[in-house]
Amino acid sequence: MSELRELYQEVIIDHGRHPRNFGAYPEANHHKEGFNPLCGDKILMHVLAKNGVLDNIQFEGCGCAISMASASLMSEILKGKTFDETDELFTAFHELVTEGRVSEKLGKLAVMGGVHEFPARVKCATLAWHTLKAALANDNTRVTTEETS
């Protein structure tokens, strides 16, 4: 178990410090901002979708290592996926970080399973995912990890 924990930490640190697909993407046709007020994580998701397929995903923002690593890993895994595949991976990822349930569908996203041991960090890990879902749905409501009044 300690080897898995080490891998988890290494991947989180690597993707947190050197996020993949990070930066502005003006050519995107879906954009959405998300915010986690508890941790201060902010993310701006940019997605180019064509014919129900995610051609490209870029993101901007700042936040804790878990938030940035989750967005980075998500952007790598979801490129080329259909909207339906994206929904399936969203569900599998949510089950991983909230319940500790590992699915074969997750691939290298499974390293985020350690988040399950730290319930306060689940919102950090899922912020990018919720922001992406809202972007694809052209949802005009504010994406936040907290209830708004």
# chains A, B, ... in the order shown; residues from 1 in each chain; ligands from 1

$ select_by_dssp --residues "chain A" --states "strand (DSSP E)" --output "CSV table (one decimal) with all heavy atoms, in the first residue's frame"
chain,number,residue,atom,x,y,z
A,30,HIS,N,-16.4,26.0,-26.0
A,30,HIS,CA,-17.0,25.9,-24.7
A,30,HIS,C,-16.0,26.5,-23.6
A,30,HIS,O,-14.9,26.0,-23.6
A,30,HIS,CB,-17.3,24.5,-24.3
A,30,HIS,CG,-18.3,23.8,-25.3
A,30,HIS,ND1,-19.7,24.0,-25.1
A,30,HIS,CD2,-18.1,23.1,-26.4
A,30,HIS,CE1,-20.3,23.3,-26.1
A,30,HIS,NE2,-19.3,22.8,-26.9
A,31,HIS,N,-16.5,27.4,-22.8
A,31,HIS,CA,-15.7,28.0,-21.7
A,31,HIS,C,-16.5,28.0,-20.5
A,31,HIS,O,-17.7,28.3,-20.5
A,31,HIS,CB,-15.3,29.4,-22.1
A,31,HIS,CG,-14.6,29.6,-23.4
A,31,HIS,ND1,-13.2,29.4,-23.5
A,31,HIS,CD2,-15.0,29.8,-24.6
A,31,HIS,CE1,-12.9,29.6,-24.8
A,31,HIS,NE2,-14.0,29.8,-25.5
A,32,LYS,N,-15.9,27.8,-19.3
A,32,LYS,CA,-16.6,27.9,-18.1
A,32,LYS,C,-15.5,28.1,-16.9
A,32,LYS,O,-14.5,27.5,-17.0
A,32,LYS,CB,-17.4,26.6,-17.8
A,32,LYS,CG,-18.3,26.7,-16.6
A,32,LYS,CD,-19.4,27.7,-17.0
A,32,LYS,CE,-20.4,27.8,-15.8
A,32,LYS,NZ,-21.5,28.7,-16.1
A,33,GLU,N,-15.9,28.9,-16.0
A,33,GLU,CA,-15.1,29.2,-14.8
A,33,GLU,C,-15.7,28.5,-13.6
A,33,GLU,O,-16.9,28.4,-13.4
A,33,GLU,CB,-15.0,30.7,-14.5
A,33,GLU,CG,-14.1,31.0,-13.4
A,33,GLU,CD,-13.9,32.5,-13.2
A,33,GLU,OE1,-14.6,33.3,-13.9
A,33,GLU,OE2,-13.0,32.9,-12.4
A,34,GLY,N,-14.8,27.9,-12.8
A,34,GLY,CA,-15.2,27.2,-11.6
A,34,GLY,C,-14.4,27.7,-10.4
A,34,GLY,O,-13.3,28.2,-10.6
A,35,PHE,N,-15.0,27.7,-9.2
A,35,PHE,CA,-14.4,28.2,-8.0
A,35,PHE,C,-14.7,27.3,-6.8
A,35,PHE,O,-15.8,26.9,-6.6
A,35,PHE,CB,-14.9,29.6,-7.8
A,35,PHE,CG,-14.3,30.3,-6.6
A,35,PHE,CD1,-13.0,30.5,-6.4
A,35,PHE,CD2,-15.2,30.9,-5.6
A,35,PHE,CE1,-12.4,31.1,-5.3
A,35,PHE,CE2,-14.6,31.5,-4.5
A,35,PHE,CZ,-13.3,31.7,-4.4
A,36,ASN,N,-13.6,27.1,-6.0
A,36,ASN,CA,-13.7,26.4,-4.7
A,36,ASN,C,-13.3,27.4,-3.6
A,36,ASN,O,-12.2,27.6,-3.4
A,36,ASN,CB,-12.8,25.2,-4.7
A,36,ASN,CG,-12.8,24.4,-3.4
A,36,ASN,OD1,-13.5,24.8,-2.4
A,36,ASN,ND2,-12.1,23.4,-3.3
A,41,ASP,N,-9.3,27.5,-5.0
A,41,ASP,CA,-9.0,27.0,-6.3
A,41,ASP,C,-9.9,27.7,-7.3
A,41,ASP,O,-11.1,27.9,-7.1
A,41,ASP,CB,-9.4,25.5,-6.4
A,41,ASP,CG,-8.6,24.6,-5.5
A,41,ASP,OD1,-7.4,24.9,-5.2
A,41,ASP,OD2,-9.1,23.6,-5.0
A,42,LYS,N,-9.3,28.1,-8.4
A,42,LYS,CA,-10.1,28.8,-9.5
A,42,LYS,C,-9.6,28.1,-10.8
A,42,LYS,O,-8.4,27.9,-11.0
A,42,LYS,CB,-9.8,30.3,-9.6
A,42,LYS,CG,-10.3,31.1,-8.4
A,42,LYS,CD,-10.0,32.5,-8.6
A,42,LYS,CE,-10.5,33.3,-7.4
A,42,LYS,NZ,-10.2,34.7,-7.5
A,43,ILE,N,-10.6,27.8,-11.6
A,43,ILE,CA,-10.2,27.2,-12.9
A,43,ILE,C,-11.1,27.7,-14.0
A,43,ILE,O,-12.3,28.0,-13.8
A,43,ILE,CB,-10.4,25.6,-12.8
A,43,ILE,CG1,-9.7,24.9,-13.9
A,43,ILE,CG2,-11.9,25.2,-12.7
A,43,ILE,CD1,-9.4,23.5,-13.7
A,44,LEU,N,-10.5,27.9,-15.2
A,44,LEU,CA,-11.2,28.3,-16.4
A,44,LEU,C,-11.0,27.3,-17.4
A,44,LEU,O,-9.9,27.0,-17.8
A,44,LEU,CB,-10.7,29.7,-16.9
A,44,LEU,CG,-11.4,30.3,-18.1
A,44,LEU,CD1,-12.9,30.4,-17.9
A,44,LEU,CD2,-10.8,31.6,-18.4
A,45,MET,N,-12.1,26.6,-17.7
A,45,MET,CA,-12.0,25.4,-18.6
A,45,MET,C,-12.3,25.9,-20.1
A,45,MET,O,-13.2,26.7,-20.3
A,45,MET,CB,-13.0,24.4,-18.2
A,45,MET,CG,-12.9,23.0,-18.8
A,45,MET,SD,-11.4,22.2,-18.4
A,45,MET,CE,-11.4,22.1,-16.6
A,46,HIS,N,-11.5,25.4,-21.0
A,46,HIS,CA,-11.7,25.7,-22.4
A,46,HIS,C,-11.7,24.4,-23.2
A,46,HIS,O,-10.8,23.6,-23.1
A,46,HIS,CB,-10.5,26.5,-23.0
A,46,HIS,CG,-10.1,27.7,-22.2
A,46,HIS,ND1,-10.9,28.9,-22.2
A,46,HIS,CD2,-9.1,28.0,-21.4
A,46,HIS,CE1,-10.3,29.8,-21.5
A,46,HIS,NE2,-9.2,29.3,-21.0
A,47,VAL,N,-12.8,24.2,-23.9
A,47,VAL,CA,-13.0,22.9,-24.6
A,47,VAL,C,-13.4,23.2,-26.1
A,47,VAL,O,-14.2,24.0,-26.3
A,47,VAL,CB,-14.1,22.1,-23.9
A,47,VAL,CG1,-14.3,20.7,-24.6
A,47,VAL,CG2,-13.9,21.9,-22.5
A,48,LEU,N,-12.7,22.5,-27.0
A,48,LEU,CA,-13.1,22.5,-28.4
A,48,LEU,C,-13.8,21.1,-28.6
A,48,LEU,O,-13.2,20.1,-28.5
A,48,LEU,CB,-11.9,22.6,-29.3
A,48,LEU,CG,-12.2,22.6,-30.8
A,48,LEU,CD1,-13.2,23.7,-31.2
A,48,LEU,CD2,-11.0,22.6,-31.6
A,49,ALA,N,-15.1,21.2,-28.8
A,49,ALA,CA,-15.9,20.0,-29.1
A,49,ALA,C,-16.4,20.0,-30.5
A,49,ALA,O,-16.9,21.1,-31.0
A,49,ALA,CB,-17.0,19.9,-28.1
A,50,LYS,N,-16.3,18.9,-31.2
A,50,LYS,CA,-16.8,18.8,-32.6
A,50,LYS,C,-17.6,17.5,-32.7
A,50,LYS,O,-17.0,16.4,-32.4
A,50,LYS,CB,-15.7,18.8,-33.6
A,50,LYS,CG,-14.9,20.1,-33.7
A,50,LYS,CD,-13.8,20.0,-34.7
A,50,LYS,CE,-12.9,21.2,-34.7
A,50,LYS,NZ,-11.8,21.0,-35.6
A,53,VAL,N,-17.5,15.1,-29.8
A,53,VAL,CA,-16.2,14.6,-29.3
A,53,VAL,C,-15.4,15.8,-28.8
A,53,VAL,O,-15.4,16.8,-29.4
A,53,VAL,CB,-15.5,13.9,-30.5
A,53,VAL,CG1,-14.1,13.5,-30.1
A,53,VAL,CG2,-16.3,12.7,-31.0
A,54,LEU,N,-14.7,15.5,-27.7
A,54,LEU,CA,-13.8,16.5,-27.1
A,54,LEU,C,-12.5,16.5,-27.9
A,54,LEU,O,-11.6,15.6,-27.7
A,54,LEU,CB,-13.5,16.3,-25.7
A,54,LEU,CG,-14.7,16.1,-24.8
A,54,LEU,CD1,-14.3,15.9,-23.3
A,54,LEU,CD2,-15.6,17.3,-24.9
A,55,ASP,N,-12.3,17.4,-28.8
A,55,ASP,CA,-11.1,17.5,-29.7
A,55,ASP,C,-9.9,18.0,-28.9
A,55,ASP,O,-8.8,17.6,-29.0
A,55,ASP,CB,-11.3,18.4,-30.9
A,55,ASP,CG,-11.9,17.7,-32.1
A,55,ASP,OD1,-12.3,16.5,-31.9
A,55,ASP,OD2,-11.9,18.3,-33.1
A,56,ASN,N,-10.1,19.0,-28.0
A,56,ASN,CA,-9.1,19.6,-27.2
A,56,ASN,C,-9.6,20.1,-25.9
A,56,ASN,O,-10.7,20.6,-25.9
A,56,ASN,CB,-8.3,20.6,-28.0
A,56,ASN,CG,-7.0,20.9,-27.4
A,56,ASN,OD1,-6.4,20.2,-26.5
A,56,ASN,ND2,-6.4,22.0,-27.8
A,57,ILE,N,-8.8,20.1,-24.9
A,57,ILE,CA,-9.1,20.6,-23.6
A,57,ILE,C,-7.9,21.4,-23.1
A,57,ILE,O,-6.8,20.8,-23.1
A,57,ILE,CB,-9.5,19.6,-22.6
A,57,ILE,CG1,-10.7,18.7,-23.1
A,57,ILE,CG2,-9.9,20.2,-21.2
A,57,ILE,CD1,-10.9,17.5,-22.2
A,58,GLN,N,-8.1,22.6,-22.7
A,58,GLN,CA,-7.1,23.4,-22.0
A,58,GLN,C,-7.7,24.0,-20.8
A,58,GLN,O,-8.9,24.2,-20.7
A,58,GLN,CB,-6.6,24.5,-22.9
A,58,GLN,CG,-5.9,24.1,-24.2
A,58,GLN,CD,-4.4,24.0,-24.0
A,58,GLN,OE1,-3.9,23.0,-24.5
A,58,GLN,NE2,-3.8,25.0,-23.5
A,59,PHE,N,-6.9,24.4,-19.8
A,59,PHE,CA,-7.4,25.1,-18.7
A,59,PHE,C,-6.4,26.1,-18.2
A,59,PHE,O,-5.2,26.0,-18.4
A,59,PHE,CB,-7.8,24.1,-17.6
A,59,PHE,CG,-6.7,23.4,-16.9
A,59,PHE,CD1,-6.2,23.9,-15.7
A,59,PHE,CD2,-6.1,22.3,-17.5
A,59,PHE,CE1,-5.1,23.3,-15.1
A,59,PHE,CE2,-5.0,21.7,-16.9
A,59,PHE,CZ,-4.5,22.1,-15.7
A,60,GLU,N,-7.0,27.1,-17.5
A,60,GLU,CA,-6.2,28.1,-16.8
A,60,GLU,C,-6.6,28.1,-15.4
A,60,GLU,O,-7.7,27.7,-15.0
A,60,GLU,CB,-6.4,29.5,-17.4
A,60,GLU,CG,-6.1,29.6,-18.9
A,60,GLU,CD,-6.4,30.9,-19.4
A,60,GLU,OE1,-5.6,31.9,-19.3
A,60,GLU,OE2,-7.6,31.1,-19.9
A,61,GLY,N,-5.8,28.7,-14.5
A,61,GLY,CA,-6.3,28.8,-13.1
A,61,GLY,C,-5.1,28.7,-12.2
A,61,GLY,O,-4.0,28.5,-12.5
A,62,CYS,N,-5.5,28.6,-10.9
A,62,CYS,CA,-4.6,28.4,-9.8
A,62,CYS,C,-5.3,27.7,-8.7
A,62,CYS,O,-6.5,27.7,-8.6
A,62,CYS,CB,-4.0,29.8,-9.3
A,62,CYS,SG,-5.3,30.9,-8.7
A,143,VAL,N,-20.4,27.9,-11.4
A,143,VAL,CA,-19.8,26.6,-10.9
A,143,VAL,C,-19.0,26.9,-9.6
A,143,VAL,O,-18.1,27.7,-9.6
A,143,VAL,CB,-18.9,25.9,-11.9
A,143,VAL,CG1,-18.3,24.7,-11.3
A,143,VAL,CG2,-19.7,25.6,-13.2
A,144,THR,N,-19.5,26.4,-8.5
A,144,THR,CA,-18.8,26.5,-7.2
A,144,THR,C,-19.0,25.2,-6.5
A,144,THR,O,-20.0,24.5,-6.7
A,144,THR,CB,-19.4,27.7,-6.4
A,144,THR,OG1,-18.6,27.8,-5.2
A,144,THR,CG2,-20.8,27.6,-6.2

$ select_by_dssp --residues "stretch 26-86 of chain A" --states "alpha helix (DSSP H)" --output "PyMOL selection string"
chain A and resi 65-78+83-86

$ write_last_selection --atoms "C-alpha atoms" --output "PDB file, in the first residue's frame"
ATOM      1  CA  ALA A  65      -1.787  20.543  -6.115  1.00  0.00           C
ATOM      2  CA  ILE A  66      -4.803  18.217  -6.072  1.00  0.00           C
ATOM      3  CA  SER A  67      -6.973  20.646  -8.017  1.00  0.00           C
ATOM      4  CA  MET A  68      -4.327  21.321 -10.653  1.00  0.00           C
ATOM      5  CA  ALA A  69      -3.334  17.654 -10.925  1.00  0.00           C
ATOM      6  CA  SER A  70      -6.947  16.581 -11.338  1.00  0.00           C
ATOM      7  CA  ALA A  71      -7.524  19.130 -14.120  1.00  0.00           C
ATOM      8  CA  SER A  72      -4.276  18.116 -15.804  1.00  0.00           C
ATOM      9  CA  LEU A  73      -4.998  14.385 -15.709  1.00  0.00           C
ATOM     10  CA  MET A  74      -8.602  14.957 -16.792  1.00  0.00           C
ATOM     11  CA  SER A  75      -7.503  17.027 -19.783  1.00  0.00           C
ATOM     12  CA  GLU A  76      -5.155  14.269 -20.921  1.00  0.00           C
ATOM     13  CA  ILE A  77      -7.621  11.419 -20.476  1.00  0.00           C
ATOM     14  CA  LEU A  78     -10.676  13.090 -22.020  1.00  0.00           C
ATOM     15  CA  PHE A  83     -19.697  13.284 -24.470  1.00  0.00           C
ATOM     16  CA  ASP A  84     -21.125   9.907 -23.351  1.00  0.00           C
ATOM     17  CA  GLU A  85     -17.651   8.560 -22.520  1.00  0.00           C
ATOM     18  CA  THR A  86     -16.949  11.790 -20.648  1.00  0.00           C
TER      19      THR A  86
END

$ residues_around --residues "A:Leu96" --least-positions-apart "5" --cutoff "7 Å" --atoms "only C-alpha atoms" --output "MDAnalysis selection string"
chainID A and resid 101:102 113 116

$ residues_around --residues "A:Lys105" --least-positions-apart "2" --cutoff "8 Å" --atoms "only C-alpha atoms" --output "MDAnalysis selection string"
chainID A and resid 89 92 103 107

$ residues_around --residues "A:Leu38" --least-positions-apart "3" --cutoff "12 Å" --atoms "only C-alpha atoms" --output "list in words"
Phe35, Asp41, Lys42, Gly63, Cys64, Ala120, Arg121, Val122, Lys123, Cys124, Leu127, Thr144, Thr145, Glu146 and Glu147 of chain A

$ closest_residue --among "A:Gly80, A:Asp87, A:Pro119, A:Ala135" --to "A:Gly100" --atoms "only C-alpha atoms"
A:Pro119

$ atom_distance --atom1 "atom CA of A:Val97" --atom2 "atom CA of A:Ala125"
7.7 Å

$ atom_distance --atom1 "atom CA of A:Phe118" --atom2 "atom CA of A:Lys133"
23.5 Å
